[in-house]
file input.cif (mmCIF, N, CA and C atoms)
data_coords
#
loop_
_atom_site.label_atom_id
_atom_site.label_comp_id
_atom_site.auth_asym_id
_atom_site.auth_seq_id
_atom_site.Cartn_x
_atom_site.Cartn_y
_atom_site.Cartn_z
N MET Z 1 116.40 69.10 128.60
CA MET Z 1 116.34 70.53 128.31
C MET Z 1 116.60 70.76 126.83
N ALA Z 2 115.79 71.57 126.21
CA ALA Z 2 115.87 71.83 124.78
C ALA Z 2 117.03 72.77 124.45
N VAL Z 3 117.64 72.55 123.29
CA VAL Z 3 118.72 73.43 122.83
C VAL Z 3 118.23 74.46 121.82
N VAL Z 4 116.96 74.34 121.40
CA VAL Z 4 116.32 75.32 120.52
C VAL Z 4 114.90 75.56 121.02
N PRO Z 5 114.34 76.73 120.73
CA PRO Z 5 112.95 76.97 121.12
C PRO Z 5 112.02 76.07 120.28
N PHE Z 6 110.89 75.66 120.87
CA PHE Z 6 109.96 74.82 120.12
C PHE Z 6 108.59 74.87 120.76
N ASN Z 7 107.62 74.45 119.98
CA ASN Z 7 106.28 74.19 120.48
C ASN Z 7 105.89 72.80 120.00
N GLU Z 8 104.76 72.30 120.43
CA GLU Z 8 104.35 70.93 120.08
C GLU Z 8 104.13 70.76 118.58
N LYS Z 9 103.63 71.79 117.93
CA LYS Z 9 103.45 71.72 116.47
C LYS Z 9 104.80 71.52 115.79
N GLU Z 10 105.84 72.20 116.28
CA GLU Z 10 107.17 72.07 115.68
C GLU Z 10 107.80 70.71 115.97
N VAL Z 11 107.51 70.12 117.11
CA VAL Z 11 108.01 68.77 117.39
C VAL Z 11 107.47 67.82 116.32
N LYS Z 12 106.19 67.92 116.04
CA LYS Z 12 105.57 67.06 115.03
C LYS Z 12 106.08 67.38 113.63
N LEU Z 13 106.32 68.63 113.37
CA LEU Z 13 106.88 69.05 112.08
C LEU Z 13 108.27 68.44 111.87
N LEU Z 14 109.11 68.54 112.89
CA LEU Z 14 110.45 67.95 112.81
C LEU Z 14 110.35 66.43 112.66
N ALA Z 15 109.45 65.81 113.38
CA ALA Z 15 109.26 64.35 113.27
C ALA Z 15 108.90 63.96 111.84
N ARG Z 16 108.01 64.71 111.23
CA ARG Z 16 107.61 64.42 109.85
C ARG Z 16 108.77 64.60 108.89
N LEU Z 17 109.58 65.64 109.11
CA LEU Z 17 110.74 65.87 108.26
C LEU Z 17 111.75 64.72 108.39
N MET Z 18 112.03 64.33 109.61
CA MET Z 18 113.00 63.26 109.85
C MET Z 18 112.56 61.97 109.16
N ARG Z 19 111.29 61.64 109.29
CA ARG Z 19 110.77 60.43 108.65
C ARG Z 19 110.83 60.54 107.13
N ALA Z 20 110.37 61.65 106.60
CA ALA Z 20 110.32 61.82 105.15
C ALA Z 20 111.71 61.84 104.51
N GLU Z 21 112.68 62.39 105.21
CA GLU Z 21 114.04 62.49 104.65
C GLU Z 21 114.84 61.21 104.84
N ALA Z 22 114.60 60.44 105.91
CA ALA Z 22 115.55 59.36 106.21
C ALA Z 22 114.93 58.09 106.78
N GLU Z 23 113.66 57.87 106.62
CA GLU Z 23 113.06 56.66 107.18
C GLU Z 23 113.78 55.40 106.71
N GLY Z 24 114.22 55.38 105.47
CA GLY Z 24 114.92 54.23 104.93
C GLY Z 24 116.27 53.96 105.57
N ASP Z 25 116.80 54.94 106.28
CA ASP Z 25 118.08 54.78 106.99
C ASP Z 25 117.87 54.42 108.45
N GLY Z 26 116.64 54.12 108.86
CA GLY Z 26 116.36 53.69 110.22
C GLY Z 26 116.35 54.84 111.21
N GLN Z 27 116.17 54.48 112.47
CA GLN Z 27 116.07 55.50 113.52
C GLN Z 27 117.33 56.33 113.66
N LEU Z 28 118.48 55.71 113.53
CA LEU Z 28 119.73 56.47 113.64
C LEU Z 28 119.87 57.48 112.50
N GLY Z 29 119.52 57.07 111.30
CA GLY Z 29 119.54 58.00 110.17
C GLY Z 29 118.57 59.15 110.37
N MET Z 30 117.40 58.84 110.91
CA MET Z 30 116.42 59.89 111.18
C MET Z 30 116.93 60.85 112.25
N LEU Z 31 117.59 60.31 113.27
CA LEU Z 31 118.18 61.18 114.30
C LEU Z 31 119.23 62.11 113.70
N MET Z 32 119.99 61.62 112.74
CA MET Z 32 121.01 62.45 112.11
C MET Z 32 120.39 63.59 111.31
N VAL Z 33 119.27 63.32 110.66
CA VAL Z 33 118.54 64.39 109.97
C VAL Z 33 118.04 65.41 110.98
N GLY Z 34 117.49 64.93 112.09
CA GLY Z 34 117.05 65.84 113.15
C GLY Z 34 118.19 66.65 113.72
N ASN Z 35 119.32 66.00 113.91
CA ASN Z 35 120.54 66.64 114.40
C ASN Z 35 120.93 67.80 113.47
N THR Z 36 120.93 67.53 112.18
CA THR Z 36 121.30 68.55 111.20
C THR Z 36 120.32 69.71 111.22
N GLY Z 37 119.02 69.40 111.30
CA GLY Z 37 118.02 70.46 111.34
C GLY Z 37 118.14 71.32 112.58
N VAL Z 38 118.31 70.70 113.73
CA VAL Z 38 118.46 71.46 114.98
C VAL Z 38 119.73 72.31 114.92
N ASN Z 39 120.80 71.78 114.35
CA ASN Z 39 122.02 72.58 114.18
C ASN Z 39 121.73 73.85 113.39
N ARG Z 40 120.92 73.73 112.35
CA ARG Z 40 120.59 74.90 111.53
C ARG Z 40 119.87 75.98 112.34
N VAL Z 41 119.05 75.58 113.27
CA VAL Z 41 118.33 76.55 114.12
C VAL Z 41 119.30 77.20 115.11
N ARG Z 42 120.28 76.46 115.56
CA ARG Z 42 121.20 76.93 116.60
C ARG Z 42 122.27 77.90 116.11
N VAL Z 43 122.75 77.78 114.87
CA VAL Z 43 124.03 78.39 114.51
C VAL Z 43 124.04 79.86 114.13
N ARG Z 44 123.07 80.38 113.43
CA ARG Z 44 123.04 81.78 112.97
C ARG Z 44 124.27 82.14 112.14
N CYS Z 45 124.59 81.31 111.15
CA CYS Z 45 125.72 81.58 110.27
C CYS Z 45 125.42 81.09 108.86
N LEU Z 46 126.27 81.48 107.92
CA LEU Z 46 126.17 81.07 106.53
C LEU Z 46 124.74 81.17 106.01
N ASP Z 47 124.17 80.07 105.50
CA ASP Z 47 122.82 80.08 104.93
C ASP Z 47 121.73 80.13 105.99
N PHE Z 48 122.10 80.13 107.27
CA PHE Z 48 121.13 79.95 108.34
C PHE Z 48 121.08 81.12 109.32
N LYS Z 49 121.49 82.30 108.89
CA LYS Z 49 121.52 83.48 109.76
C LYS Z 49 120.14 83.87 110.26
N ASP Z 50 119.12 83.65 109.45
CA ASP Z 50 117.76 84.05 109.82
C ASP Z 50 116.88 82.87 110.20
N ILE Z 51 117.49 81.73 110.43
CA ILE Z 51 116.73 80.53 110.81
C ILE Z 51 116.76 80.42 112.33
N ASN Z 52 115.66 80.78 112.98
CA ASN Z 52 115.65 80.78 114.44
C ASN Z 52 114.51 79.94 115.04
N THR Z 53 113.77 79.24 114.18
CA THR Z 53 112.73 78.33 114.65
C THR Z 53 112.76 77.05 113.82
N ILE Z 54 112.20 76.01 114.36
CA ILE Z 54 112.09 74.76 113.62
C ILE Z 54 111.23 74.97 112.38
N GLN Z 55 110.15 75.69 112.52
CA GLN Z 55 109.26 75.99 111.38
C GLN Z 55 110.04 76.64 110.24
N ARG Z 56 110.82 77.66 110.54
CA ARG Z 56 111.59 78.35 109.50
C ARG Z 56 112.65 77.45 108.90
N MET Z 57 113.26 76.60 109.72
CA MET Z 57 114.28 75.67 109.23
C MET Z 57 113.67 74.68 108.25
N VAL Z 58 112.55 74.09 108.60
CA VAL Z 58 111.94 73.07 107.75
C VAL Z 58 111.54 73.64 106.39
N PHE Z 59 111.01 74.85 106.37
CA PHE Z 59 110.49 75.42 105.13
C PHE Z 59 111.42 76.48 104.52
N GLN Z 60 112.67 76.50 104.90
CA GLN Z 60 113.62 77.49 104.38
C GLN Z 60 113.66 77.42 102.85
N LYS Z 61 113.63 78.60 102.23
CA LYS Z 61 113.76 78.71 100.77
C LYS Z 61 114.69 79.86 100.47
N PRO Z 62 115.70 79.70 99.66
CA PRO Z 62 116.22 78.42 99.16
C PRO Z 62 117.00 77.71 100.25
N GLY Z 63 117.40 76.51 99.98
CA GLY Z 63 118.25 75.77 100.90
C GLY Z 63 117.52 74.83 101.82
N GLY Z 64 116.23 74.65 101.60
CA GLY Z 64 115.45 73.79 102.48
C GLY Z 64 115.51 72.33 102.09
N PHE Z 65 114.51 71.62 102.47
CA PHE Z 65 114.48 70.17 102.29
C PHE Z 65 113.52 69.75 101.18
N GLU Z 66 113.97 68.82 100.36
CA GLU Z 66 113.13 68.30 99.27
C GLU Z 66 111.87 67.63 99.78
N ALA Z 67 111.94 67.01 100.93
CA ALA Z 67 110.81 66.25 101.46
C ALA Z 67 109.55 67.10 101.59
N THR Z 68 109.70 68.41 101.82
CA THR Z 68 108.53 69.26 102.01
C THR Z 68 107.73 69.43 100.72
N GLN Z 69 108.28 68.98 99.62
CA GLN Z 69 107.60 69.08 98.33
C GLN Z 69 106.90 67.78 97.94
N LYS Z 70 106.91 66.81 98.84
CA LYS Z 70 106.34 65.49 98.54
C LYS Z 70 105.24 65.15 99.54
N GLY Z 71 104.27 64.40 99.07
CA GLY Z 71 103.10 64.07 99.88
C GLY Z 71 103.40 63.32 101.16
N TYR Z 72 104.43 62.48 101.16
CA TYR Z 72 104.74 61.67 102.34
C TYR Z 72 105.03 62.55 103.56
N PHE Z 73 105.65 63.69 103.33
CA PHE Z 73 105.97 64.62 104.40
C PHE Z 73 104.69 65.09 105.12
N TYR Z 74 103.59 65.19 104.42
CA TYR Z 74 102.37 65.76 104.98
C TYR Z 74 101.48 64.74 105.71
N GLN Z 75 101.96 63.52 105.87
CA GLN Z 75 101.23 62.55 106.69
C GLN Z 75 101.44 62.86 108.16
N ARG Z 76 100.49 62.43 108.98
CA ARG Z 76 100.53 62.67 110.42
C ARG Z 76 101.81 62.09 111.03
N ALA Z 77 102.37 62.79 111.98
CA ALA Z 77 103.57 62.31 112.70
C ALA Z 77 103.20 61.11 113.56
N ARG Z 78 104.04 60.10 113.55
CA ARG Z 78 103.83 58.92 114.39
C ARG Z 78 104.53 59.13 115.73
N GLU Z 79 104.04 58.47 116.76
CA GLU Z 79 104.59 58.64 118.12
C GLU Z 79 106.08 58.31 118.16
N LYS Z 80 106.50 57.24 117.50
CA LYS Z 80 107.93 56.88 117.53
C LYS Z 80 108.79 57.95 116.85
N ASP Z 81 108.25 58.61 115.83
CA ASP Z 81 108.99 59.69 115.17
C ASP Z 81 109.01 60.95 116.04
N ILE Z 82 107.93 61.20 116.74
CA ILE Z 82 107.86 62.34 117.66
C ILE Z 82 108.90 62.16 118.77
N ASN Z 83 109.05 60.95 119.27
CA ASN Z 83 110.05 60.68 120.31
C ASN Z 83 111.46 60.93 119.79
N LEU Z 84 111.73 60.57 118.54
CA LEU Z 84 113.05 60.85 117.95
C LEU Z 84 113.26 62.36 117.81
N ALA Z 85 112.22 63.06 117.38
CA ALA Z 85 112.33 64.52 117.24
C ALA Z 85 112.65 65.17 118.58
N ARG Z 86 112.02 64.70 119.64
CA ARG Z 86 112.29 65.26 120.98
C ARG Z 86 113.76 65.03 121.36
N ARG Z 87 114.30 63.90 121.03
CA ARG Z 87 115.72 63.63 121.32
C ARG Z 87 116.61 64.64 120.58
N SER Z 88 116.27 64.94 119.33
CA SER Z 88 117.05 65.92 118.56
C SER Z 88 116.93 67.31 119.17
N ILE Z 89 115.72 67.68 119.57
CA ILE Z 89 115.49 68.99 120.17
C ILE Z 89 116.23 69.13 121.49
N ARG Z 90 116.42 68.04 122.20
CA ARG Z 90 117.18 68.07 123.45
C ARG Z 90 118.69 68.13 123.20
N GLY Z 91 119.09 68.08 121.92
CA GLY Z 91 120.50 68.27 121.60
C GLY Z 91 121.31 66.99 121.40
N GLU Z 92 120.63 65.86 121.29
CA GLU Z 92 121.36 64.61 121.05
C GLU Z 92 122.07 64.70 119.69
N ARG Z 93 123.35 64.37 119.69
CA ARG Z 93 124.15 64.46 118.47
C ARG Z 93 124.79 63.12 118.17
N THR Z 94 124.83 62.78 116.90
CA THR Z 94 125.40 61.51 116.46
C THR Z 94 126.31 61.75 115.26
N HIS Z 95 127.53 61.22 115.34
CA HIS Z 95 128.47 61.32 114.23
C HIS Z 95 127.98 60.46 113.08
N PRO Z 96 128.08 60.89 111.83
CA PRO Z 96 128.80 62.05 111.32
C PRO Z 96 127.99 63.35 111.24
N ALA Z 97 126.80 63.37 111.84
CA ALA Z 97 125.95 64.55 111.77
C ALA Z 97 126.12 65.50 112.95
N SER Z 98 127.01 65.19 113.87
CA SER Z 98 127.16 65.97 115.10
C SER Z 98 127.22 67.47 114.86
N ASN Z 99 127.99 67.89 113.89
CA ASN Z 99 128.18 69.31 113.60
C ASN Z 99 127.68 69.70 112.21
N SER Z 100 126.94 68.81 111.59
CA SER Z 100 126.54 69.04 110.19
C SER Z 100 125.45 70.10 110.06
N LEU Z 101 125.50 70.76 108.92
CA LEU Z 101 124.46 71.70 108.54
C LEU Z 101 123.81 71.29 107.22
N TRP Z 102 124.40 70.31 106.55
CA TRP Z 102 123.91 69.85 105.26
C TRP Z 102 124.02 68.34 105.15
N PHE Z 103 123.15 67.76 104.38
CA PHE Z 103 123.27 66.36 104.00
C PHE Z 103 122.59 66.18 102.65
N PHE Z 104 122.98 65.15 101.96
CA PHE Z 104 122.25 64.78 100.76
C PHE Z 104 122.52 63.33 100.44
N ARG Z 105 121.72 62.82 99.53
CA ARG Z 105 121.77 61.41 99.15
C ARG Z 105 122.32 61.31 97.73
N PRO Z 106 123.61 61.01 97.60
CA PRO Z 106 124.19 60.95 96.26
C PRO Z 106 123.90 59.62 95.57
N GLU Z 107 124.07 59.60 94.28
CA GLU Z 107 123.93 58.37 93.50
C GLU Z 107 125.08 57.41 93.81
N GLY Z 108 126.26 57.96 94.03
CA GLY Z 108 127.45 57.14 94.29
C GLY Z 108 128.12 57.51 95.58
N ASN Z 109 129.44 57.67 95.50
CA ASN Z 109 130.23 58.03 96.68
C ASN Z 109 129.97 59.47 97.11
N CYS Z 110 130.26 59.74 98.36
CA CYS Z 110 130.15 61.11 98.88
C CYS Z 110 131.30 61.93 98.33
N PRO Z 111 131.03 63.13 97.86
CA PRO Z 111 132.14 64.00 97.46
C PRO Z 111 132.87 64.52 98.70
N ASP Z 112 134.14 64.89 98.53
CA ASP Z 112 134.90 65.46 99.64
C ASP Z 112 134.32 66.78 100.10
N LYS Z 113 133.78 67.54 99.16
CA LYS Z 113 133.19 68.85 99.45
C LYS Z 113 131.84 68.95 98.77
N TRP Z 114 130.96 69.71 99.37
CA TRP Z 114 129.66 70.00 98.77
C TRP Z 114 129.35 71.45 99.08
N PHE Z 115 129.23 72.27 98.06
CA PHE Z 115 129.07 73.72 98.23
C PHE Z 115 130.13 74.27 99.19
N ASN Z 116 131.37 73.84 98.99
CA ASN Z 116 132.53 74.28 99.79
C ASN Z 116 132.50 73.83 101.24
N GLN Z 117 131.67 72.87 101.57
CA GLN Z 117 131.61 72.36 102.94
C GLN Z 117 132.21 70.96 102.97
N SER Z 118 132.94 70.64 104.00
CA SER Z 118 133.67 69.37 104.09
C SER Z 118 132.76 68.21 104.48
N ASN Z 119 133.04 67.07 103.88
CA ASN Z 119 132.32 65.85 104.20
C ASN Z 119 132.76 65.36 105.57
N SER Z 120 131.79 65.11 106.45
CA SER Z 120 132.11 64.58 107.77
C SER Z 120 131.87 63.07 107.85
N GLY Z 121 131.27 62.52 106.79
CA GLY Z 121 131.05 61.08 106.76
C GLY Z 121 129.72 60.72 106.15
N ARG Z 122 129.51 59.44 106.07
CA ARG Z 122 128.28 58.91 105.48
C ARG Z 122 127.63 57.97 106.48
N PHE Z 123 126.30 57.98 106.48
CA PHE Z 123 125.54 56.96 107.19
C PHE Z 123 124.51 56.43 106.22
N LYS Z 124 124.64 55.19 105.88
CA LYS Z 124 123.78 54.51 104.91
C LYS Z 124 123.69 55.33 103.64
N SER Z 125 122.53 55.90 103.32
CA SER Z 125 122.39 56.56 102.02
C SER Z 125 122.73 58.05 102.02
N HIS Z 126 122.99 58.64 103.19
CA HIS Z 126 123.21 60.08 103.26
C HIS Z 126 124.65 60.46 103.60
N CYS Z 127 125.12 61.50 102.94
CA CYS Z 127 126.43 62.10 103.22
C CYS Z 127 126.17 63.38 104.03
N PHE Z 128 127.01 63.64 105.01
CA PHE Z 128 126.86 64.81 105.88
C PHE Z 128 128.03 65.76 105.70
N PHE Z 129 127.75 67.05 105.79
CA PHE Z 129 128.75 68.08 105.53
C PHE Z 129 128.74 69.13 106.63
N ILE Z 130 129.92 69.58 106.98
CA ILE Z 130 130.09 70.48 108.12
C ILE Z 130 130.74 71.79 107.69
N PRO Z 131 130.43 72.87 108.41
CA PRO Z 131 131.10 74.14 108.17
C PRO Z 131 132.44 74.15 108.90
N THR Z 132 133.24 75.14 108.64
CA THR Z 132 134.47 75.31 109.41
C THR Z 132 134.11 75.93 110.76
N ARG Z 133 134.98 75.75 111.73
CA ARG Z 133 134.77 76.37 113.04
C ARG Z 133 134.78 77.90 112.91
N GLN Z 134 135.58 78.41 111.98
CA GLN Z 134 135.63 79.86 111.78
C GLN Z 134 134.30 80.40 111.26
N ASP Z 135 133.69 79.67 110.32
CA ASP Z 135 132.42 80.13 109.75
C ASP Z 135 131.24 79.97 110.69
N CYS Z 136 131.24 78.89 111.47
CA CYS Z 136 130.09 78.57 112.33
C CYS Z 136 130.54 77.99 113.66
N PRO Z 137 131.09 78.80 114.54
CA PRO Z 137 131.59 78.27 115.81
C PRO Z 137 130.50 77.61 116.67
N LYS Z 138 129.25 78.06 116.54
CA LYS Z 138 128.18 77.47 117.37
C LYS Z 138 127.78 76.06 116.91
N ALA Z 139 128.29 75.64 115.77
CA ALA Z 139 128.02 74.27 115.32
C ALA Z 139 128.89 73.28 116.07
N TYR Z 140 129.83 73.79 116.84
CA TYR Z 140 130.79 72.91 117.56
C TYR Z 140 130.64 73.00 119.05
#
call {"tool": "encode", "arguments": {"input": "input.cif", "output": "structure tokens"}}
result
Amino acid sequence: MAVVPFNEKEVKLLARLMRAEAEGDGQLGMLMVGNTGVNRVRVRCLDFKDINTIQRMVFQKPGGFEATQKGYFYQRAREKDINLARRSIRGERTHPASNSLWFFRPEGNCPDKWFNQSNSGRFKSHCFFIPTRQDCPKAY
């Protein structure tokens, strides 16, 4: 059962985003990117109050994803990536992205805070950041 509304076009869109943002971090890293994106659709708080679809989440401006500005993102979704996207849409969560709304790939160590959001951990090349329960209770 899905935790966010979706259509087949959005499943493929999320799959492309997950691959473009984290393919180098393997399937688990891609799932964490999907986890973060789905969280953004679910929460209705902070920078994501008006994000209510996968389409809007992927192309959010400002605050969206760098991958949408690069050609690799616009390649056709592969079946294995589509399957990962479906797992994210069904609400599968993986630490440190379980409650994350942000991630980025730093040159060095993960900062303790990023735009006033706490670091929840790192997986390979990406650091994940979470809101407080007070700011975004639906992220928990």
call {"tool": "closest_residue", "arguments": {"input": "input.cif", "among": "Z:Met18, Z:Cys110, Z:Val11, Z:Ala67", "to": "Asn35 of chain Z", "atoms": "all atoms listed in the file"}}
result
Z:Met18
call {"tool": "residues_around", "arguments": {"input": "input.cif", "residues": "Ser120 of chain Z", "least_positions_apart": "6", "cutoff": "7 Å", "atoms": "only N, CA and C atoms", "output": "ChimeraX atom specification"}}
result
/Z:96-97,127-130
call {"tool": "axis_aligned_box", "arguments": {"input": "input.cif", "around": "segment 41-58 of chain Z", "padding_each_side": "5 Å", "output": "AutoDock Vina command-line options"}}
result
--center_x 117.8 --center_y 78.6 --center_z 110.8 --size_x 27.0 --size_y 21.0 --size_z 21.7
call {"tool": "closest_residue", "arguments": {"input": "input.cif", "among": "Z:Ala20, Z:Ile89, Z:Ala2, Z:Leu13", "to": "Val38 of chain Z", "atoms": "only N, CA and C atoms"}}
result
Z:Ile89
call {"tool": "resolve_selection", "arguments": {"input": "input.cif", "expression": "the PyMOL selection byres ((chain Z and resi 33) around 8)", "output": "list of chain:residue names"}}
result
Z:Leu14, Z:Leu17, Z:Met18, Z:Arg19, Z:Glu21, Z:Ala22, Z:Gln27, Z:Leu28, Z:Gly29, Z:Met30, Z:Leu31, Z:Met32, Z:Gly34, Z:Asn35, Z:Thr36, Z:Gly37, Z:Val38, Z:Asn39, Z:Ser88, Z:Ala97, Z:Phe103
call {"tool": "atom_distance", "arguments": {"input": "input.cif", "atom1": "atom CA of Asp50 of chain Z", "atom2": "atom CA of Lys9 of chain Z"}}
result
20.0 Å
call {"tool": "resolve_selection", "arguments": {"input": "input.cif", "expression": "the PyMOL selection byres (((chain Z and resi 132 and name CA) around 12) and name CA)", "output": "MDAnalysis selection string"}}
result
chainID Z and resid 45:46 99:101 113 116:120 129:131 133:140
